[in-house]
Amino acid sequence: MSGGASVLYDVPGPKAIARNRILGGLVVVVVLAAFAFIIFRLADSGQFSAEKWEAFTYPFIWQNIGLALLRTLSAFVLSAVGALVLGFLLAVARLSTVRVLSIPATVVTEVLRAIPVLVLMMLLYYGFGSIGVPMSSFAAVVIALIAYNGSVLAEVFRAGVESLPKGQGEAGFAIGMTSRQVMNLILMPQAVRAMMPVIIAQLVVTLKDTALGFVITYNELLYYARYLMSQTTLGNPIIPSILIIGAIYIILCLLLSWLAHTVQKRTSRSVKVKVKVAAHHPGNPGGATDTQMMAAQDVGTDDQTGHSQAGG
C-alpha cells in the first residue's frame, strides 16, 4: 500500500469528486431555499413589523426575561449538581460486590430511567399536593430533574468503569487498596474522563428539560415566553418571543458545551514532569548525568582491574 492510502477508504476519482460537489451544491441550495421561504412567510405575515417587536423595547420586559433566566439557571445548577452526585452514588452502589447495595441500586436506577421527567414533575407537584404534601414548582422541577438525569448518569459512570481494563482494579488491590479506594481513586476518575462527552450531552439535556417546568407553572424562560405570546396589548408577539427565548437557550447550551470542553481538555492534558534522578542520587554530588556516572564507573572498574593485574 503506497502513498499512505487507507484500506477502508478509496480516494475518489474525478467523477466521484464531481458527483460529490453536485450533491453538496444541491443540499446547500435546498437549505437556502427552505430558509428563504421561512423568512418570506414570516415577513409576509408581518412578524418583522415594529408592532410585533415593540414589546421588546420596554425595559420591564427584559427585566422579567432576566428573572426568568435566573430561575432557569437556578434550577439547572441545582439539578446538575444533584444529578452528578446521585449518579455517582448509584453507580458505585450498583458496581458494589455487596448484593444488598447493588440490587436496590439497580432497581432504583431502572425505575427512575423508565419514568418520563415530565411525569415525575407532575407527580411531585400535583400528586403530592393532592395528598396533603404541598411542594413548590421549583422543588418539583429540581427533584424530578435530579432523579431522572441522576439515573441516566449512573449508567454513564457504570459503563465508563466497566470499559476500563480489569488490570486497573487488580493493580490497586495488589498494592493493598480497599474496594472503595480503588473505585474512588483509580476507576472512577478514569471513567469520568472517558465518558466526559456523554456527561456533557446529558447536562445539556438537563438544561433544556428545565423548560418542562412551565407545565407545573414554574416561571422560567418558556413560561414567560408563553405569557408574552398571550398578551394582546403587546400584539401577541408569538414568533419574536420564540426567536428570542430560543436564542437564549442556544447561547446557554453553547456556553455549557464550551465550558465542559475546556474542563475536559484541561483534565485530559498529560502533565509532563521532568525528574532529574541523577541530581538527587546520593553518589552523585556533582549532578552528573546517568551516562557520565556509568562511564565513570566503567573507567573506575577498568582502573581497578588494571591495578590488580599489575599487582598480580
# chains A, B, ... in the order shown; residues from 1 in each chain; ligands from 1

$ residues_around --residues "Leu95 in chain A" --least-positions-apart "5" --cutoff "9 Å" --atoms "only C-alpha atoms" --output "list of chain:residue names"
A:Leu90, A:Leu101, A:Ser102, A:Arg158, A:Val161, A:Glu162

$ closest_atom_pairs --of "range 56-144 of chain A" --to "range 234-254 of chain A" --cutoff "9 Å" --atoms "only C-alpha atoms" --output "CSV"
residue,atom,partner,partner_atom,distance
A:Phe56,CA,A:Pro240,CA,8.7
A:Ile65,CA,A:Ile245,CA,8.6
A:Leu69,CA,A:Ile248,CA,8.6

$ atom_distance --atom1 "CA of Asn149 in chain A" --atom2 "CA of Val98 in chain A"
24.6 Å

$ residues_around --residues "Ala260 in chain A" --least-positions-apart "2" --cutoff "12 Å" --atoms "only C-alpha atoms" --output "ChimeraX atom specification"
/A:193,195-204,253-258,262-267

$ write_last_selection --atoms "N, CA, C and O atoms" --output "PDB file, in the first residue's frame"
ATOM      1  N   ARG A 193     -13.316  10.829  32.849  1.00  0.00           N
ATOM      2  CA  ARG A 193     -12.612  11.414  31.707  1.00  0.00           C
ATOM      3  C   ARG A 193     -13.013  10.732  30.405  1.00  0.00           C
ATOM      4  O   ARG A 193     -13.183  11.393  29.374  1.00  0.00           O
ATOM      5  N   MET A 195     -15.877   9.233  29.721  1.00  0.00           N
ATOM      6  CA  MET A 195     -17.281   9.462  29.388  1.00  0.00           C
ATOM      7  C   MET A 195     -17.662  10.934  29.413  1.00  0.00           C
ATOM      8  O   MET A 195     -18.855  11.260  29.417  1.00  0.00           O
ATOM      9  N   MET A 196     -16.683  11.820  29.433  1.00  0.00           N
ATOM     10  CA  MET A 196     -16.980  13.251  29.527  1.00  0.00           C
ATOM     11  C   MET A 196     -17.903  13.755  28.418  1.00  0.00           C
ATOM     12  O   MET A 196     -18.822  14.539  28.685  1.00  0.00           O
ATOM     13  N   PRO A 197     -17.729  13.348  27.136  1.00  0.00           N
ATOM     14  CA  PRO A 197     -18.671  13.830  26.113  1.00  0.00           C
ATOM     15  C   PRO A 197     -20.122  13.444  26.410  1.00  0.00           C
ATOM     16  O   PRO A 197     -21.032  14.245  26.187  1.00  0.00           O
ATOM     17  N   VAL A 198     -20.350  12.229  26.920  1.00  0.00           N
ATOM     18  CA  VAL A 198     -21.720  11.808  27.238  1.00  0.00           C
ATOM     19  C   VAL A 198     -22.251  12.584  28.436  1.00  0.00           C
ATOM     20  O   VAL A 198     -23.434  12.959  28.472  1.00  0.00           O
ATOM     21  N   ILE A 199     -21.398  12.840  29.409  1.00  0.00           N
ATOM     22  CA  ILE A 199     -21.813  13.618  30.578  1.00  0.00           C
ATOM     23  C   ILE A 199     -22.207  15.032  30.157  1.00  0.00           C
ATOM     24  O   ILE A 199     -23.215  15.587  30.616  1.00  0.00           O
ATOM     25  N   ILE A 200     -21.417  15.627  29.259  1.00  0.00           N
ATOM     26  CA  ILE A 200     -21.724  16.964  28.757  1.00  0.00           C
ATOM     27  C   ILE A 200     -23.083  16.974  28.060  1.00  0.00           C
ATOM     28  O   ILE A 200     -23.919  17.859  28.281  1.00  0.00           O
ATOM     29  N   ALA A 201     -23.306  15.970  27.204  1.00  0.00           N
ATOM     30  CA  ALA A 201     -24.571  15.899  26.478  1.00  0.00           C
ATOM     31  C   ALA A 201     -25.748  15.770  27.435  1.00  0.00           C
ATOM     32  O   ALA A 201     -26.802  16.382  27.226  1.00  0.00           O
ATOM     33  N   GLN A 202     -25.581  14.996  28.498  1.00  0.00           N
ATOM     34  CA  GLN A 202     -26.675  14.828  29.459  1.00  0.00           C
ATOM     35  C   GLN A 202     -26.925  16.105  30.242  1.00  0.00           C
ATOM     36  O   GLN A 202     -28.073  16.417  30.584  1.00  0.00           O
ATOM     37  N   LEU A 203     -25.879  16.863  30.544  1.00  0.00           N
ATOM     38  CA  LEU A 203     -26.075  18.138  31.234  1.00  0.00           C
ATOM     39  C   LEU A 203     -26.796  19.140  30.334  1.00  0.00           C
ATOM     40  O   LEU A 203     -27.598  19.950  30.817  1.00  0.00           O
ATOM     41  N   VAL A 204     -26.504  19.102  29.042  1.00  0.00           N
ATOM     42  CA  VAL A 204     -27.235  19.963  28.100  1.00  0.00           C
ATOM     43  C   VAL A 204     -28.713  19.578  28.081  1.00  0.00           C
ATOM     44  O   VAL A 204     -29.601  20.440  28.048  1.00  0.00           O
ATOM     45  N   CYS A 253     -26.705  26.690  25.966  1.00  0.00           N
ATOM     46  CA  CYS A 253     -26.182  25.360  25.644  1.00  0.00           C
ATOM     47  C   CYS A 253     -24.782  25.442  25.052  1.00  0.00           C
ATOM     48  O   CYS A 253     -23.919  24.608  25.366  1.00  0.00           O
ATOM     49  N   LEU A 254     -24.543  26.450  24.216  1.00  0.00           N
ATOM     50  CA  LEU A 254     -23.203  26.611  23.642  1.00  0.00           C
ATOM     51  C   LEU A 254     -22.186  26.963  24.722  1.00  0.00           C
ATOM     52  O   LEU A 254     -21.053  26.449  24.716  1.00  0.00           O
ATOM     53  N   LEU A 255     -22.573  27.822  25.653  1.00  0.00           N
ATOM     54  CA  LEU A 255     -21.662  28.174  26.746  1.00  0.00           C
ATOM     55  C   LEU A 255     -21.373  26.962  27.624  1.00  0.00           C
ATOM     56  O   LEU A 255     -20.225  26.747  28.054  1.00  0.00           O
ATOM     57  N   LEU A 256     -22.394  26.163  27.894  1.00  0.00           N
ATOM     58  CA  LEU A 256     -22.187  24.964  28.701  1.00  0.00           C
ATOM     59  C   LEU A 256     -21.267  23.982  27.987  1.00  0.00           C
ATOM     60  O   LEU A 256     -20.358  23.401  28.603  1.00  0.00           O
ATOM     61  N   SER A 257     -21.480  23.789  26.686  1.00  0.00           N
ATOM     62  CA  SER A 257     -20.618  22.884  25.929  1.00  0.00           C
ATOM     63  C   SER A 257     -19.184  23.392  25.888  1.00  0.00           C
ATOM     64  O   SER A 257     -18.234  22.609  26.012  1.00  0.00           O
ATOM     65  N   TRP A 258     -19.020  24.706  25.726  1.00  0.00           N
ATOM     66  CA  TRP A 258     -17.668  25.274  25.700  1.00  0.00           C
ATOM     67  C   TRP A 258     -16.971  25.101  27.053  1.00  0.00           C
ATOM     68  O   TRP A 258     -15.799  24.732  27.114  1.00  0.00           O
ATOM     69  N   THR A 262     -13.694  22.809  27.724  1.00  0.00           N
ATOM     70  CA  THR A 262     -12.474  23.364  28.312  1.00  0.00           C
ATOM     71  C   THR A 262     -12.021  22.535  29.505  1.00  0.00           C
ATOM     72  O   THR A 262     -10.828  22.232  29.655  1.00  0.00           O
ATOM     73  N   VAL A 263     -12.968  22.159  30.351  1.00  0.00           N
ATOM     74  CA  VAL A 263     -12.629  21.329  31.511  1.00  0.00           C
ATOM     75  C   VAL A 263     -12.076  19.983  31.066  1.00  0.00           C
ATOM     76  O   VAL A 263     -11.088  19.476  31.604  1.00  0.00           O
ATOM     77  N   GLN A 264     -12.706  19.392  30.036  1.00  0.00           N
ATOM     78  CA  GLN A 264     -12.244  18.103  29.536  1.00  0.00           C
ATOM     79  C   GLN A 264     -10.824  18.214  28.981  1.00  0.00           C
ATOM     80  O   GLN A 264      -9.992  17.342  29.191  1.00  0.00           O
ATOM     81  N   LYS A 265     -10.549  19.312  28.278  1.00  0.00           N
ATOM     82  CA  LYS A 265      -9.221  19.486  27.702  1.00  0.00           C
ATOM     83  C   LYS A 265      -8.158  19.598  28.783  1.00  0.00           C
ATOM     84  O   LYS A 265      -7.078  19.054  28.684  1.00  0.00           O
ATOM     85  N   ARG A 266      -8.483  20.320  29.831  1.00  0.00           N
ATOM     86  CA  ARG A 266      -7.508  20.509  30.902  1.00  0.00           C
ATOM     87  C   ARG A 266      -7.299  19.247  31.727  1.00  0.00           C
ATOM     88  O   ARG A 266      -6.182  18.968  32.166  1.00  0.00           O
ATOM     89  N   THR A 267      -8.357  18.500  31.953  1.00  0.00           N
ATOM     90  CA  THR A 267      -8.208  17.281  32.756  1.00  0.00           C
ATOM     91  C   THR A 267      -7.524  16.168  31.983  1.00  0.00           C
ATOM     92  O   THR A 267      -6.862  15.315  32.576  1.00  0.00           O
TER      93      THR A 267
END

$ closest_residue --among "A:Ile22, A:Ala225, A:Val92, A:Ile17" --to "Val182 in chain A" --atoms "only C-alpha atoms"
A:Val92
